[in-house]
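Enquirer: The structure is given below, and queries will be raised subsequently.
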Amino acid sequence: MGRALKEDRIWNKGFTTVTISHSVFAVGVYMLIPTIPLFLKEIGAVESQVGVVVTAFYISAIFTRFGINAVLARIGKKRVVIAGLLLSGIIMSLYGFAESVAAVAVLRVIQGVGLGMASSTSATLVADFLPDSRRGQGVGYFTMGLVVSMTVAPVIALNLRETYGFMPMFLFASVTCLLSAVVMLFIKEPEIVKLEASGKTYDKGKTLQWRNLFDRRLIIPAVTVLLFGLSRSVDMNYISLFAEERKLEYLSLYFVVQTVTMFLIRLIVGQFADKKGRNWVLIPGGVAMLAVMVTLSFANTSAVMLLGAFFSGLGLGILAPNLQVWALSVIEPERRNVASSTFFNCMDIGSAIGASVMGLMAENFGYTAMFRTGACAALMYLIVYIAVGREKRQATAVK
């Protein structure tokens, strides 16, 4: 595909293949999100140590994306994704042999490198395969694959852990990464993405420049994504430990409710946002994330916890794809790798900060204080977006 997409078609071969590969990969990644904290507790870690390990994982992914983004044009996106998938699969198979918190931390750092290579690069490839007029809808479909993965992954992981132990669970997660690498072999990477209106091009011969790492037009989207990531990290990393401490049942159902809600809202939110504008979805999404934190701070029964899962599904389903599309919309299509890496890096920076801060809050002040601190992050997101983001989005959008 050496020319700009002219067809107004989303489900072309490239888009479909990358979506399938990344969704399979996400099963392995999301299997470990709720279970690594449980594994760490089993080998003697406290909440603050769990937070440090989670933070190390995200920081590793962040630095990897900056490094890969600088040389991506020379290496090629397909090769970067496949290498990241293979590395992730190898590391996941080794967790079961770790006997100390330090060993798990080292493995998480290396896995973060694999995640950093595979995640944002896959999202960039998807954007390359999508027509401009339907990018919001297409990214919504791409992230719906992640929703399906997020639905089945925790259920599979928790059941494998309870029935067979941690080792078979880690091996299953490893296999998903290797399968996703095989799927990626079937795409043909675009060599050049042209802008017909401007005549600009992006190709593998481009020299390395600082502008290939960041764009100042992404500052406001980056801040809002960071705050979203900080709030999102609370239930993502600590819901399993919270449920065990409070002796709440139906933990697996929490993830089902969360992700089914995400799936249903994403069926309509991308197309709606393309027609009405991001303001119509990014503000309600922030309100939903605020509702998650407030609800879980009062959760003393499984029913209240599941209500929090519903709000979490709404917030994640609305914000994740539309914040990504917002970042993609403010700079030129030939520089989508910059927008994509910025989105994922800021999400991970927020998640890394959240994991450490929230772990300390839970250990020293309890889970109620932790969730209310997360609510402050959601409230800050709303303030920043309403005060600055709406005007910036309209002023800087690149058609």
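Labels for the structure tokens follow display order: chains A, B, ..., residues from 1 in each chain, ligands from 1.
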I'd like a table as JSON lines: residues in segment 286-378 of chain A with an atom no more than 8 Å from segment 136-152 of chain A, each row giving the shortest atom pair and its distance in Å to one decimal, only C-alpha atoms counted, sorted by chain and rising residue number.

Expert:
```
{"residue": "A:Pro321", "atom": "CA", "partner": "A:Gly140", "partner_atom": "CA", "distance": 5.6}
{"residue": "A:Asn322", "atom": "CA", "partner": "A:Gly136", "partner_atom": "CA", "distance": 7.1}
{"residue": "A:Val325", "atom": "CA", "partner": "A:Gly136", "partner_atom": "CA", "distance": 5.9}
```

Enquirer: How would you write, as a short mmCIF file (atom, residue, chain, number, x, y, z; two decimals) with C-alpha atoms, in the first residue's frame, the set of residues in segment 112-257 of chain A that DSSP gives as alpha helix (DSSP H)?

Expert:
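The new file states.cif reads:
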```
data_model
loop_
_atom_site.label_atom_id
_atom_site.label_comp_id
_atom_site.auth_asym_id
_atom_site.auth_seq_id
_atom_site.Cartn_x
_atom_site.Cartn_y
_atom_site.Cartn_z
CA GLY A 112 7.69 -3.20 29.50
CA VAL A 113 10.21 -2.98 26.65
CA GLY A 114 8.15 -5.49 24.68
CA LEU A 115 4.93 -3.63 25.42
CA GLY A 116 6.49 -0.32 24.41
CA MET A 117 7.59 -1.78 21.09
CA ALA A 118 4.29 -3.43 20.25
CA SER A 119 1.49 -1.21 21.58
CA SER A 120 1.86 2.26 20.09
CA THR A 121 3.38 0.90 16.88
CA SER A 122 0.35 -1.31 16.30
CA ALA A 123 -1.93 1.67 16.88
CA THR A 124 0.07 3.68 14.34
CA LEU A 125 -0.24 0.92 11.76
CA VAL A 126 -3.99 0.82 12.30
CA ALA A 127 -4.23 4.58 11.70
CA ASP A 128 -2.20 4.16 8.49
CA ARG A 135 -10.68 7.30 11.68
CA GLY A 136 -12.65 7.80 14.89
CA GLN A 137 -14.96 4.94 14.03
CA GLY A 138 -12.04 2.74 12.97
CA VAL A 139 -10.00 3.39 16.11
CA GLY A 140 -13.16 2.62 18.07
CA TYR A 141 -13.40 -0.78 16.37
CA PHE A 142 -9.68 -1.40 16.97
CA THR A 143 -10.09 -0.70 20.67
CA MET A 144 -13.22 -2.88 20.77
CA GLY A 145 -10.87 -5.78 20.07
CA LEU A 146 -9.05 -4.75 23.23
CA VAL A 147 -12.37 -4.67 25.05
CA VAL A 148 -13.03 -8.29 24.13
CA SER A 149 -9.52 -9.16 25.31
CA MET A 150 -10.06 -7.29 28.57
CA THR A 151 -13.28 -9.24 29.08
CA VAL A 152 -11.87 -12.73 28.68
CA ALA A 153 -8.31 -12.19 29.96
CA PRO A 154 -8.97 -11.62 33.70
CA VAL A 155 -11.55 -14.42 33.77
CA ILE A 156 -9.11 -16.85 32.13
CA ALA A 157 -6.27 -15.71 34.37
CA LEU A 158 -8.17 -15.90 37.64
CA ASN A 159 -9.66 -19.31 36.79
CA LEU A 160 -6.28 -20.74 35.74
CA ARG A 161 -4.69 -19.36 38.88
CA GLU A 162 -7.38 -20.81 41.17
CA THR A 163 -7.49 -24.20 39.41
CA PHE A 166 0.32 -19.32 38.54
CA MET A 167 2.68 -21.26 36.24
CA PRO A 168 0.04 -22.50 33.73
CA MET A 169 -1.48 -19.01 33.73
CA PHE A 170 1.85 -17.42 32.80
CA LEU A 171 2.45 -20.01 30.07
CA PHE A 172 -1.00 -19.39 28.57
CA ALA A 173 -0.30 -15.65 28.49
CA SER A 174 3.02 -16.34 26.77
CA VAL A 175 1.36 -18.39 24.03
CA THR A 176 -1.04 -15.54 23.18
CA CYS A 177 1.93 -13.25 22.46
CA LEU A 178 3.60 -15.79 20.22
CA LEU A 179 0.36 -16.37 18.29
CA SER A 180 -0.10 -12.64 17.77
CA ALA A 181 3.42 -12.43 16.32
CA VAL A 182 2.52 -15.13 13.79
CA VAL A 183 -0.60 -13.20 12.75
CA MET A 184 1.49 -10.05 12.14
CA ILE A 219 0.67 19.25 25.12
CA ILE A 220 -2.98 19.63 26.17
CA PRO A 221 -4.07 16.19 24.88
CA ALA A 222 -1.00 14.75 26.66
CA VAL A 223 -1.94 16.31 30.01
CA THR A 224 -5.52 15.03 29.84
CA VAL A 225 -4.35 11.53 28.86
CA LEU A 226 -1.90 11.53 31.78
CA LEU A 227 -4.67 12.44 34.24
CA PHE A 228 -6.93 9.80 32.71
CA GLY A 229 -4.16 7.22 33.09
CA LEU A 230 -3.61 8.19 36.71
CA SER A 231 -7.27 7.73 37.58
CA ARG A 232 -7.58 4.58 35.48
CA SER A 233 -4.63 2.93 37.26
CA VAL A 234 -6.51 2.72 40.55
CA ASP A 235 -9.08 0.03 39.83
CA MET A 236 -6.93 -1.55 37.10
CA ASN A 237 -4.05 -2.37 39.46
CA TYR A 238 -5.69 -2.66 42.87
CA ILE A 239 -9.23 -4.00 42.40
CA SER A 240 -8.07 -7.60 43.00
CA LEU A 241 -6.31 -6.74 46.26
CA PHE A 242 -9.23 -4.51 47.29
CA ALA A 243 -11.78 -7.29 46.70
CA GLU A 244 -9.70 -9.81 48.64
CA GLU A 245 -9.26 -7.45 51.60
CA ARG A 246 -12.98 -6.60 51.74
CA LEU A 251 -14.27 -10.43 41.20
CA SER A 252 -14.31 -12.10 37.78
CA LEU A 253 -17.75 -10.60 37.16
CA TYR A 254 -16.30 -7.15 37.83
CA PHE A 255 -14.16 -7.45 34.70
CA VAL A 256 -17.05 -8.88 32.70
CA VAL A 257 -19.37 -6.00 33.63
#
```

Enquirer: Excluding segment 51-68 of chain A and residues on its chain fewer than 2 positions from it, collect all residues at most 8 Å away from it, counting only C-alpha atoms, and give them as number ranges by chain.

Expert: A: 47-49, 70-72, 80, 101, 104-105, 108-117, 120, 213, 341, 344-345, 348-349, 351-353, 355-360

Enquirer: Taking into account only C-alpha atoms, which residue in the set A:Ile187, A:Leu267, A:Ile283, A:Leu248 is nearest to Met305 of chain A?

Expert: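 The closest residue to Met305 of chain A is A:Leu248.
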
Enquirer: List the spatial neighbours of Thr261 of chain A as an NGL selection string - criterion: any atom at most 7 Å away, only C-alpha atoms, same-chain residues fewer than 4 positions off excluded.

Expert: :A and (257 or 265 or 310 or 313-314)

Enquirer: If you run DSSP on this backbone, which residues of segment 142-363 of chain A come out as strand (DSSP E), and could you give them as JSON, numbers by chain?

Expert: {"A": [193, 194, 201, 202]}

Enquirer: Write out as a PyMOL selection string each polymer residue whose atoms come within 12 Å of Met293 of chain A, counting only C-alpha atoms; drop sequence neighbours fewer than 5 positions from it.

Expert: chain A and resi 230-236+239+286-288+298-299+304-305+307-312+315+367-379
